[in-house]
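final-v4.csv follows; it contains CSV, N, CA and C atoms.
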```
chain,number,residue,atom,x,y,z
A,1,MET,N,31.5,-15.4,-22.6
A,1,MET,CA,31.4,-14.3,-21.7
A,1,MET,C,30.0,-13.7,-21.7
A,2,LYS,N,29.4,-13.6,-22.9
A,2,LYS,CA,28.0,-13.1,-23.0
A,2,LYS,C,27.0,-14.0,-22.2
A,3,ARG,N,27.2,-15.3,-22.2
A,3,ARG,CA,26.4,-16.2,-21.5
A,3,ARG,C,26.6,-16.0,-20.0
A,4,PHE,N,27.8,-15.7,-19.6
A,4,PHE,CA,28.1,-15.5,-18.1
A,4,PHE,C,27.3,-14.2,-17.7
A,5,LYS,N,27.4,-13.1,-18.5
A,5,LYS,CA,26.7,-11.9,-18.1
A,5,LYS,C,25.2,-12.1,-18.0
A,6,SER,N,24.6,-12.9,-18.9
A,6,SER,CA,23.2,-13.2,-18.9
A,6,SER,C,22.8,-14.0,-17.6
A,7,LEU,N,23.7,-14.9,-17.2
A,7,LEU,CA,23.5,-15.7,-16.0
A,7,LEU,C,23.5,-14.8,-14.8
A,8,ILE,N,24.4,-13.8,-14.8
A,8,ILE,CA,24.5,-12.9,-13.6
A,8,ILE,C,23.3,-12.0,-13.5
A,9,VAL,N,22.8,-11.5,-14.7
A,9,VAL,CA,21.6,-10.7,-14.7
A,9,VAL,C,20.4,-11.5,-14.2
A,10,LEU,N,20.3,-12.7,-14.7
A,10,LEU,CA,19.2,-13.6,-14.3
A,10,LEU,C,19.2,-13.8,-12.8
A,11,MET,N,20.4,-14.1,-12.2
A,11,MET,CA,20.5,-14.3,-10.8
A,11,MET,C,20.2,-13.1,-10.0
A,12,LEU,N,20.6,-11.9,-10.5
A,12,LEU,CA,20.3,-10.7,-9.8
A,12,LEU,C,18.8,-10.4,-9.8
A,13,PHE,N,18.1,-10.6,-10.9
A,13,PHE,CA,16.6,-10.4,-10.9
A,13,PHE,C,16.0,-11.4,-9.9
A,14,THR,N,16.4,-12.7,-9.9
A,14,THR,CA,15.9,-13.7,-9.0
A,14,THR,C,16.1,-13.3,-7.6
A,15,LEU,N,17.2,-12.8,-7.2
A,15,LEU,CA,17.5,-12.3,-5.9
A,15,LEU,C,16.7,-11.2,-5.5
A,16,ILE,N,16.5,-10.2,-6.4
A,16,ILE,CA,15.6,-9.0,-6.0
A,16,ILE,C,14.2,-9.5,-5.8
A,17,PHE,N,13.6,-10.3,-6.6
A,17,PHE,CA,12.2,-10.7,-6.4
A,17,PHE,C,12.1,-11.7,-5.3
A,18,ALA,N,13.1,-12.5,-5.0
A,18,ALA,CA,13.1,-13.4,-3.8
A,18,ALA,C,13.0,-12.7,-2.5
A,19,CYS,N,13.7,-11.5,-2.5
A,19,CYS,CA,13.7,-10.7,-1.2
A,19,CYS,C,12.5,-9.9,-1.0
A,20,ASN,N,11.7,-9.7,-2.0
A,20,ASN,CA,10.4,-9.0,-1.8
A,20,ASN,C,9.3,-9.9,-1.5
A,21,SER,N,8.3,-9.4,-0.8
A,21,SER,CA,7.1,-10.2,-0.5
A,21,SER,C,6.0,-9.5,-1.1
A,22,ASN,N,4.9,-10.2,-1.3
A,22,ASN,CA,3.7,-9.6,-1.9
A,22,ASN,C,2.9,-9.0,-0.8
A,23,THR,N,3.5,-8.0,-0.1
A,23,THR,CA,2.9,-7.3,1.0
A,23,THR,C,2.9,-5.8,0.7
A,24,GLY,N,1.8,-5.2,0.8
A,24,GLY,CA,1.7,-3.7,0.7
A,24,GLY,C,1.8,-3.2,2.1
A,25,LYS,N,2.7,-2.2,2.3
A,25,LYS,CA,3.0,-1.6,3.6
A,25,LYS,C,2.5,-0.2,3.7
A,26,PHE,N,1.7,0.1,4.7
A,26,PHE,CA,1.1,1.5,4.8
A,26,PHE,C,1.2,2.0,6.2
A,27,LEU,N,1.4,3.3,6.3
A,27,LEU,CA,1.3,4.0,7.6
A,27,LEU,C,0.1,4.9,7.4
A,28,ILE,N,-1.0,4.7,8.2
A,28,ILE,CA,-2.2,5.5,8.0
A,28,ILE,C,-2.4,6.4,9.3
A,29,THR,N,-2.6,7.7,9.0
A,29,THR,CA,-2.8,8.6,10.1
A,29,THR,C,-4.1,9.3,9.9
A,30,ASN,N,-4.9,9.4,10.9
A,30,ASN,CA,-6.2,10.1,10.9
A,30,ASN,C,-6.0,11.5,11.5
A,31,LYS,N,-5.9,12.5,10.6
A,31,LYS,CA,-5.7,13.8,11.1
A,31,LYS,C,-7.0,14.6,10.9
A,32,SER,N,-8.1,13.9,10.7
A,32,SER,CA,-9.4,14.6,10.5
A,32,SER,C,-10.1,14.8,11.9
A,33,ASN,N,-11.3,15.4,11.9
A,33,ASN,CA,-12.0,15.5,13.1
A,33,ASN,C,-13.2,14.5,13.2
A,34,PHE,N,-13.0,13.4,12.6
A,34,PHE,CA,-14.0,12.3,12.7
A,34,PHE,C,-13.2,11.0,12.8
A,35,ASP,N,-13.9,10.0,13.3
A,35,ASP,CA,-13.4,8.6,13.4
A,35,ASP,C,-13.6,8.0,12.0
A,36,VAL,N,-12.6,7.1,11.6
A,36,VAL,CA,-12.7,6.4,10.3
A,36,VAL,C,-13.1,5.0,10.6
A,37,ASP,N,-14.1,4.5,9.9
A,37,ASP,CA,-14.5,3.1,10.1
A,37,ASP,C,-14.5,2.3,8.8
A,38,SER,N,-14.3,1.0,8.9
A,38,SER,CA,-14.4,0.1,7.7
A,38,SER,C,-13.4,0.5,6.6
A,39,LEU,N,-12.2,1.0,7.0
A,39,LEU,CA,-11.1,1.3,6.1
A,39,LEU,C,-10.6,0.1,5.4
A,40,SER,N,-10.5,0.1,4.1
A,40,SER,CA,-9.8,-1.0,3.4
A,40,SER,C,-8.9,-0.4,2.3
A,41,ILE,N,-7.9,-1.2,2.0
A,41,ILE,CA,-7.0,-0.8,0.9
A,41,ILE,C,-7.0,-2.1,0.0
A,42,LEU,N,-7.4,-1.9,-1.2
A,42,LEU,CA,-7.4,-3.0,-2.2
A,42,LEU,C,-6.2,-2.9,-3.2
A,43,PRO,N,-5.6,-3.9,-3.7
A,43,PRO,CA,-6.0,-5.3,-3.5
A,43,PRO,C,-5.5,-5.9,-2.2
A,44,ASP,N,-6.4,-6.6,-1.5
A,44,ASP,CA,-6.0,-7.3,-0.3
A,44,ASP,C,-6.7,-8.6,-0.3
A,45,SER,N,-5.9,-9.7,-0.3
A,45,SER,CA,-6.5,-11.0,-0.3
A,45,SER,C,-7.3,-11.3,0.9
A,46,GLU,N,-6.9,-10.7,2.0
A,46,GLU,CA,-7.6,-10.9,3.3
A,46,GLU,C,-8.8,-10.0,3.5
A,47,LYS,N,-8.9,-8.9,2.7
A,47,LYS,CA,-10.1,-8.0,2.7
A,47,LYS,C,-10.3,-7.4,4.1
A,48,ALA,N,-9.2,-7.0,4.8
A,48,ALA,CA,-9.3,-6.5,6.1
A,48,ALA,C,-10.0,-5.2,6.2
A,49,LEU,N,-10.8,-5.0,7.2
A,49,LEU,CA,-11.4,-3.7,7.5
A,49,LEU,C,-10.9,-3.2,8.9
A,50,ILE,N,-10.4,-1.9,8.9
A,50,ILE,CA,-9.9,-1.4,10.1
A,50,ILE,C,-10.6,-0.1,10.5
A,51,ARG,N,-10.4,0.3,11.8
A,51,ARG,CA,-11.0,1.5,12.4
A,51,ARG,C,-9.9,2.3,12.9
A,52,ILE,N,-9.9,3.6,12.7
A,52,ILE,CA,-8.9,4.5,13.2
A,52,ILE,C,-9.6,5.8,13.8
A,53,LYS,N,-9.3,6.0,15.1
A,53,LYS,CA,-9.9,7.1,15.8
A,53,LYS,C,-9.2,8.4,15.4
A,54,GLN,N,-9.8,9.5,15.7
A,54,GLN,CA,-9.2,10.8,15.4
A,54,GLN,C,-7.8,10.9,16.1
A,55,GLY,N,-6.8,11.4,15.4
A,55,GLY,CA,-5.5,11.5,15.9
A,55,GLY,C,-4.6,10.3,16.0
A,56,GLU,N,-5.2,9.1,15.7
A,56,GLU,CA,-4.4,7.9,15.7
A,56,GLU,C,-3.6,7.6,14.5
A,57,SER,N,-2.5,6.8,14.6
A,57,SER,CA,-1.8,6.3,13.5
A,57,SER,C,-1.6,4.8,13.7
A,58,LEU,N,-1.5,4.1,12.6
A,58,LEU,CA,-1.2,2.7,12.7
A,58,LEU,C,-0.6,2.2,11.4
A,59,ARG,N,0.2,1.1,11.5
A,59,ARG,CA,0.8,0.5,10.4
A,59,ARG,C,-0.2,-0.6,9.9
A,60,HIS,N,-0.4,-0.7,8.6
A,60,HIS,CA,-1.3,-1.7,8.1
A,60,HIS,C,-0.7,-2.3,6.9
A,61,ASN,N,-0.7,-3.6,6.8
A,61,ASN,CA,-0.1,-4.4,5.7
A,61,ASN,C,-1.3,-5.1,5.0
A,62,ILE,N,-1.2,-5.2,3.7
A,62,ILE,CA,-2.2,-5.9,2.9
A,62,ILE,C,-1.4,-7.1,2.2
A,63,ASN,N,-2.2,-8.2,2.1
A,63,ASN,CA,-1.7,-9.4,1.4
A,63,ASN,C,-2.0,-9.3,-0.1
A,64,MET,N,-1.0,-9.3,-0.9
A,64,MET,CA,-1.2,-9.2,-2.4
A,64,MET,C,-0.7,-10.5,-3.1
A,65,ASN,N,-0.8,-11.6,-2.4
A,65,ASN,CA,-0.3,-12.9,-3.0
A,65,ASN,C,-1.2,-13.3,-4.2
A,66,GLU,N,-2.4,-12.9,-4.2
A,66,GLU,CA,-3.3,-13.3,-5.4
A,66,GLU,C,-3.2,-12.4,-6.6
A,67,VAL,N,-2.4,-11.3,-6.4
A,67,VAL,CA,-2.3,-10.3,-7.5
A,67,VAL,C,-1.1,-10.7,-8.4
A,68,LYS,N,-1.4,-10.8,-9.7
A,68,LYS,CA,-0.3,-11.1,-10.6
A,68,LYS,C,-0.2,-10.1,-11.8
A,69,THR,N,-0.9,-8.9,-11.6
A,69,THR,CA,-0.9,-7.9,-12.7
A,69,THR,C,-0.4,-6.6,-12.1
A,70,ASP,N,-0.4,-5.6,-13.0
A,70,ASP,CA,-0.1,-4.2,-12.5
A,70,ASP,C,-1.5,-3.5,-12.2
A,71,GLY,N,-1.4,-2.5,-11.4
A,71,GLY,CA,-2.6,-1.8,-11.1
A,71,GLY,C,-2.4,-0.7,-10.1
A,72,SER,N,-3.5,-0.1,-9.6
A,72,SER,CA,-3.4,0.9,-8.6
A,72,SER,C,-4.2,0.5,-7.4
A,73,TYR,N,-3.9,1.1,-6.3
A,73,TYR,CA,-4.6,0.8,-5.0
A,73,TYR,C,-5.9,1.5,-5.0
A,74,LEU,N,-6.8,1.1,-4.1
A,74,LEU,CA,-8.1,1.7,-3.9
A,74,LEU,C,-8.3,1.8,-2.4
A,75,ILE,N,-8.3,3.0,-1.8
A,75,ILE,CA,-8.7,3.1,-0.4
A,75,ILE,C,-10.1,3.5,-0.3
A,76,SER,N,-10.8,2.9,0.7
A,76,SER,CA,-12.2,3.2,1.0
A,76,SER,C,-12.4,3.2,2.5
A,77,PHE,N,-13.2,4.2,2.9
A,77,PHE,CA,-13.5,4.2,4.4
A,77,PHE,C,-14.8,5.0,4.6
A,78,LYS,N,-15.3,4.9,5.8
A,78,LYS,CA,-16.6,5.6,6.1
A,78,LYS,C,-16.3,6.6,7.2
A,79,ASN,N,-16.7,7.8,6.9
A,79,ASN,CA,-16.7,8.9,7.9
A,79,ASN,C,-17.8,8.6,8.9
A,80,GLU,N,-17.4,8.3,10.2
A,80,GLU,CA,-18.4,8.0,11.2
A,80,GLU,C,-19.4,9.1,11.5
A,81,THR,N,-19.0,10.3,11.4
A,81,THR,CA,-19.8,11.5,11.7
A,81,THR,C,-21.0,11.6,10.7
A,82,THR,N,-20.6,11.6,9.4
A,82,THR,CA,-21.6,11.8,8.4
A,82,THR,C,-22.1,10.5,7.7
A,83,ASN,N,-21.5,9.4,8.1
A,83,ASN,CA,-21.8,8.1,7.5
A,83,ASN,C,-21.5,8.0,6.0
A,84,GLN,N,-20.8,9.0,5.5
A,84,GLN,CA,-20.4,9.1,4.1
A,84,GLN,C,-19.2,8.1,3.8
A,85,THR,N,-19.3,7.4,2.7
A,85,THR,CA,-18.2,6.6,2.3
A,85,THR,C,-17.3,7.3,1.3
A,86,ILE,N,-16.0,7.3,1.6
A,86,ILE,CA,-15.0,8.0,0.7
A,86,ILE,C,-14.1,6.9,0.0
A,87,THR,N,-13.9,7.1,-1.3
A,87,THR,CA,-13.1,6.1,-2.0
A,87,THR,C,-12.2,6.9,-2.9
A,88,ARG,N,-10.9,6.4,-3.0
A,88,ARG,CA,-9.9,7.1,-3.9
A,88,ARG,C,-8.9,6.1,-4.4
A,89,ALA,N,-8.7,6.1,-5.7
A,89,ALA,CA,-7.6,5.3,-6.3
A,89,ALA,C,-6.3,6.1,-6.2
A,90,PHE,N,-5.2,5.3,-6.0
A,90,PHE,CA,-3.9,6.0,-5.8
A,90,PHE,C,-2.8,5.0,-6.1
A,91,GLY,N,-1.6,5.5,-6.3
A,91,GLY,CA,-0.4,4.7,-6.4
A,91,GLY,C,-0.3,3.7,-7.6
A,92,TYR,N,0.6,2.8,-7.5
A,92,TYR,CA,0.9,1.8,-8.5
A,92,TYR,C,1.6,0.6,-8.0
A,93,TYR,N,1.2,-0.5,-8.3
A,93,TYR,CA,2.0,-1.8,-8.0
A,93,TYR,C,2.2,-2.5,-9.3
A,94,THR,N,3.3,-3.3,-9.4
A,94,THR,CA,3.6,-4.0,-10.6
A,94,THR,C,3.7,-5.5,-10.3
A,95,ASN,N,3.0,-6.3,-11.0
A,95,ASN,CA,3.0,-7.8,-10.9
A,95,ASN,C,2.7,-8.2,-9.4
A,96,GLY,N,1.9,-7.4,-8.7
A,96,GLY,CA,1.5,-7.8,-7.4
A,96,GLY,C,2.5,-7.3,-6.3
A,97,TYR,N,3.5,-6.6,-6.7
A,97,TYR,CA,4.6,-6.1,-5.8
A,97,TYR,C,4.5,-4.6,-5.6
A,98,GLN,N,4.6,-4.2,-4.4
A,98,GLN,CA,4.6,-2.7,-4.1
A,98,GLN,C,6.0,-2.2,-4.5
A,99,THR,N,6.1,-1.1,-5.2
A,99,THR,CA,7.4,-0.6,-5.6
A,99,THR,C,8.0,0.3,-4.5
A,100,GLU,N,7.2,0.8,-3.6
A,100,GLU,CA,7.7,1.6,-2.5
A,100,GLU,C,8.1,0.8,-1.3
A,101,HIS,N,8.9,1.4,-0.4
A,101,HIS,CA,9.1,0.7,0.9
A,101,HIS,C,7.9,0.8,1.8
A,102,ILE,N,7.3,1.9,1.8
A,102,ILE,CA,6.0,2.1,2.6
A,102,ILE,C,5.3,3.3,2.0
A,103,ILE,N,4.0,3.3,2.1
A,103,ILE,CA,3.2,4.4,1.6
A,103,ILE,C,2.5,5.0,2.8
A,104,ASN,N,2.7,6.4,3.0
A,104,ASN,CA,2.1,7.1,4.1
A,104,ASN,C,0.8,7.7,3.6
A,105,ILE,N,-0.2,7.5,4.4
A,105,ILE,CA,-1.6,8.0,4.1
A,105,ILE,C,-2.0,8.9,5.3
A,106,LYS,N,-2.4,10.1,5.0
A,106,LYS,CA,-2.9,11.0,6.0
A,106,LYS,C,-4.4,11.4,5.6
A,107,ILE,N,-5.3,11.0,6.4
A,107,ILE,CA,-6.7,11.3,6.2
A,107,ILE,C,-7.0,12.7,6.9
A,108,MET,N,-7.4,13.6,6.0
A,108,MET,CA,-7.7,15.0,6.5
A,108,MET,C,-9.2,15.2,6.4
A,109,ASN,N,-9.7,16.3,6.9
A,109,ASN,CA,-11.1,16.6,6.8
A,109,ASN,C,-11.7,16.6,5.4
A,110,ASP,N,-10.9,17.1,4.4
A,110,ASP,CA,-11.5,17.2,3.1
A,110,ASP,C,-10.6,16.6,2.0
A,111,THR,N,-9.6,15.9,2.4
A,111,THR,CA,-8.7,15.2,1.4
A,111,THR,C,-7.9,14.1,2.0
A,112,ILE,N,-7.2,13.3,1.2
A,112,ILE,CA,-6.4,12.3,1.6
A,112,ILE,C,-5.0,12.6,1.0
A,113,LEU,N,-4.0,12.7,1.9
A,113,LEU,CA,-2.6,13.0,1.4
A,113,LEU,C,-1.9,11.7,1.4
A,114,ILE,N,-1.2,11.4,0.2
A,114,ILE,CA,-0.4,10.2,0.1
A,114,ILE,C,1.0,10.5,-0.3
A,115,ASN,N,1.9,9.9,0.4
A,115,ASN,CA,3.4,10.1,0.2
A,115,ASN,C,4.1,8.8,0.2
A,116,SER,N,4.8,8.5,-0.8
A,116,SER,CA,5.5,7.2,-0.9
A,116,SER,C,7.0,7.4,-0.5
A,117,GLU,N,7.5,6.4,0.3
A,117,GLU,CA,8.9,6.3,0.7
A,117,GLU,C,9.5,5.2,0.0
A,118,PHE,N,10.7,5.4,-0.6
A,118,PHE,CA,11.4,4.4,-1.3
A,118,PHE,C,12.7,4.1,-0.5
A,119,LYS,N,13.1,2.9,-0.5
A,119,LYS,CA,14.4,2.5,0.1
A,119,LYS,C,15.6,3.0,-0.7
A,120,HIS,N,16.5,3.5,0.0
A,120,HIS,CA,17.8,3.9,-0.7
A,120,HIS,C,18.7,2.7,-0.9
A,121,LEU,N,19.3,2.5,-2.0
A,121,LEU,CA,20.1,1.4,-2.3
A,121,LEU,C,21.6,1.7,-2.0
A,122,TYR,N,21.9,2.7,-1.4
A,122,TYR,CA,23.3,3.0,-1.1
A,122,TYR,C,23.5,3.1,0.4
```
Go through the file and emit its structure as structure tokens.
Amino acid sequence: MKRFKSLIVLMLFTLIFACNSNTGKFLITNKSNFDVDSLSILPDSEKALIRIKQGESLRHNINMNEVKTDGSYLISFKNETTNQTITRAFGYYTNGYQTEHIINIKIMNDTILINSEFKHLY
């Protein structure tokens, strides 16, 4: 019976990780009074750079297939008005997998607001 329980637990973990992809999912909203240029979120195997105008929102996915460790994300972008680069570490991923369903990022004039959404299992 103990062996059967171990097999069930192993199958459950396999199923959970098989359903997840190594993709970080973000909703980014620019609520500042400047355009955002060269925005990147690391780790991203594709190292994509995106631009977001004032008042725009967009969904952005990062490829985390090369990540095999735990760590935090790093957002970096340039304020087009001042040409200043802003960088901030946030969040947490484990073994290259995002624990949240999606991470909402709001870029404000003087801060970055980050809110994680988790999927309900019921």
Do you have the atom N of Ile114 (chain A)-atom N of Val67 (chain A) distance handy?
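A separation of 23.7 Å between them.
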Listing only residues of region 67-104 of chain A within 6.5 Å of region 29-41 of chain A, what is the closest atom pair and its distance in Å (to one decimal) for each, using all atoms listed in the file, sorted by chain and residue number ascending, as a tab-separated table?
```
residue	atom	partner	partner_atom	distance
A:Tyr73	CA	A:Ile41	C	6.3
A:Leu74	C	A:Ile41	CA	4.4
A:Ile75	CA	A:Ser40	C	4.4
A:Ser76	C	A:Ser40	N	4.0
A:Phe77	CA	A:Leu39	CA	4.1
A:Lys78	N	A:Asp37	C	4.0
A:Asn79	N	A:Asp37	N	5.2
A:Glu80	N	A:Asp35	C	4.2
A:Thr81	N	A:Asp35	N	5.5
A:Asn104	C	A:Thr29	N	6.4
```
Can you pull out every residue from chain A that DSSP, working from the backbone, puts in helix (DSSP H, G or I), and format the result as a short mmCIF file (atom, residue, chain, number, x, y, z; two decimals) with N, CA and C atoms, keeping the file's coordinate frame?
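Ended up saving to result_0.cif:
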```cif
data_model
loop_
_atom_site.label_atom_id
_atom_site.label_comp_id
_atom_site.auth_asym_id
_atom_site.auth_seq_id
_atom_site.Cartn_x
_atom_site.Cartn_y
_atom_site.Cartn_z
N LYS A 2 29.40 -13.60 -22.90
CA LYS A 2 28.00 -13.10 -23.00
C LYS A 2 27.00 -14.00 -22.20
N ARG A 3 27.20 -15.30 -22.20
CA ARG A 3 26.40 -16.20 -21.50
C ARG A 3 26.60 -16.00 -20.00
N PHE A 4 27.80 -15.70 -19.60
CA PHE A 4 28.10 -15.50 -18.10
C PHE A 4 27.30 -14.20 -17.70
N LYS A 5 27.40 -13.10 -18.50
CA LYS A 5 26.70 -11.90 -18.10
C LYS A 5 25.20 -12.10 -18.00
N SER A 6 24.60 -12.90 -18.90
CA SER A 6 23.20 -13.20 -18.90
C SER A 6 22.80 -14.00 -17.60
N LEU A 7 23.70 -14.90 -17.20
CA LEU A 7 23.50 -15.70 -16.00
C LEU A 7 23.50 -14.80 -14.80
N ILE A 8 24.40 -13.80 -14.80
CA ILE A 8 24.50 -12.90 -13.60
C ILE A 8 23.30 -12.00 -13.50
N VAL A 9 22.80 -11.50 -14.70
CA VAL A 9 21.60 -10.70 -14.70
C VAL A 9 20.40 -11.50 -14.20
N LEU A 10 20.30 -12.70 -14.70
CA LEU A 10 19.20 -13.60 -14.30
C LEU A 10 19.20 -13.80 -12.80
N MET A 11 20.40 -14.10 -12.20
CA MET A 11 20.50 -14.30 -10.80
C MET A 11 20.20 -13.10 -10.00
N LEU A 12 20.60 -11.90 -10.50
CA LEU A 12 20.30 -10.70 -9.80
C LEU A 12 18.80 -10.40 -9.80
N PHE A 13 18.10 -10.60 -10.90
CA PHE A 13 16.60 -10.40 -10.90
C PHE A 13 16.00 -11.40 -9.90
N THR A 14 16.40 -12.70 -9.90
CA THR A 14 15.90 -13.70 -9.00
C THR A 14 16.10 -13.30 -7.60
N LEU A 15 17.20 -12.80 -7.20
CA LEU A 15 17.50 -12.30 -5.90
C LEU A 15 16.70 -11.20 -5.50
N ILE A 16 16.50 -10.20 -6.40
CA ILE A 16 15.60 -9.00 -6.00
C ILE A 16 14.20 -9.50 -5.80
N PHE A 17 13.60 -10.30 -6.60
CA PHE A 17 12.20 -10.70 -6.40
C PHE A 17 12.10 -11.70 -5.30
N ALA A 18 13.10 -12.50 -5.00
CA ALA A 18 13.10 -13.40 -3.80
C ALA A 18 13.00 -12.70 -2.50
N CYS A 19 13.70 -11.50 -2.50
CA CYS A 19 13.70 -10.70 -1.20
C CYS A 19 12.50 -9.90 -1.00
#
```
Separation of CA of Phe90 (chain A) from CA of Thr69 (chain A) in Å:
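These two atoms are separated by 15.8 Å.
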At a cut-off of 7 Å, using only N, CA and C atoms, what residues contact Asp44 (chain A)? Leave out same-chain residues fewer than 3 positions from it and give the result as an MDAnalysis selection string.
chainID A and resid 41 47:48 62:65
Which of these, A:Lys119, A:Gln84, A:Arg51, A:Ala89, has the shortest distance to His101 (chain A) once you count all atoms listed in the file?
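Among the listed residues, the smallest separation from His101 (chain A) belongs to A:Lys119.
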d(atom N of Tyr97 (chain A), atom N of Thr85 (chain A)) in Å:
28.4 Å
Nearest to Lys68 (chain A) among A:Ile52, A:Thr94, A:Glu46, A:Thr87, with distances taken over all atoms listed in the file: which residue is it?
A:Thr94
Which of chain A fall in strand (DSSP E), as a PyMOL selection string
chain A and resi 23-30+36-42+50-52+57-63+71-79+85-94+97-98+102-107+112-117
Nearest to Ile102 (chain A) among A:Gln54, A:Thr23, A:Thr82, A:Ser72, with distances taken over only C-alpha atoms: which residue is it?
A:Thr23
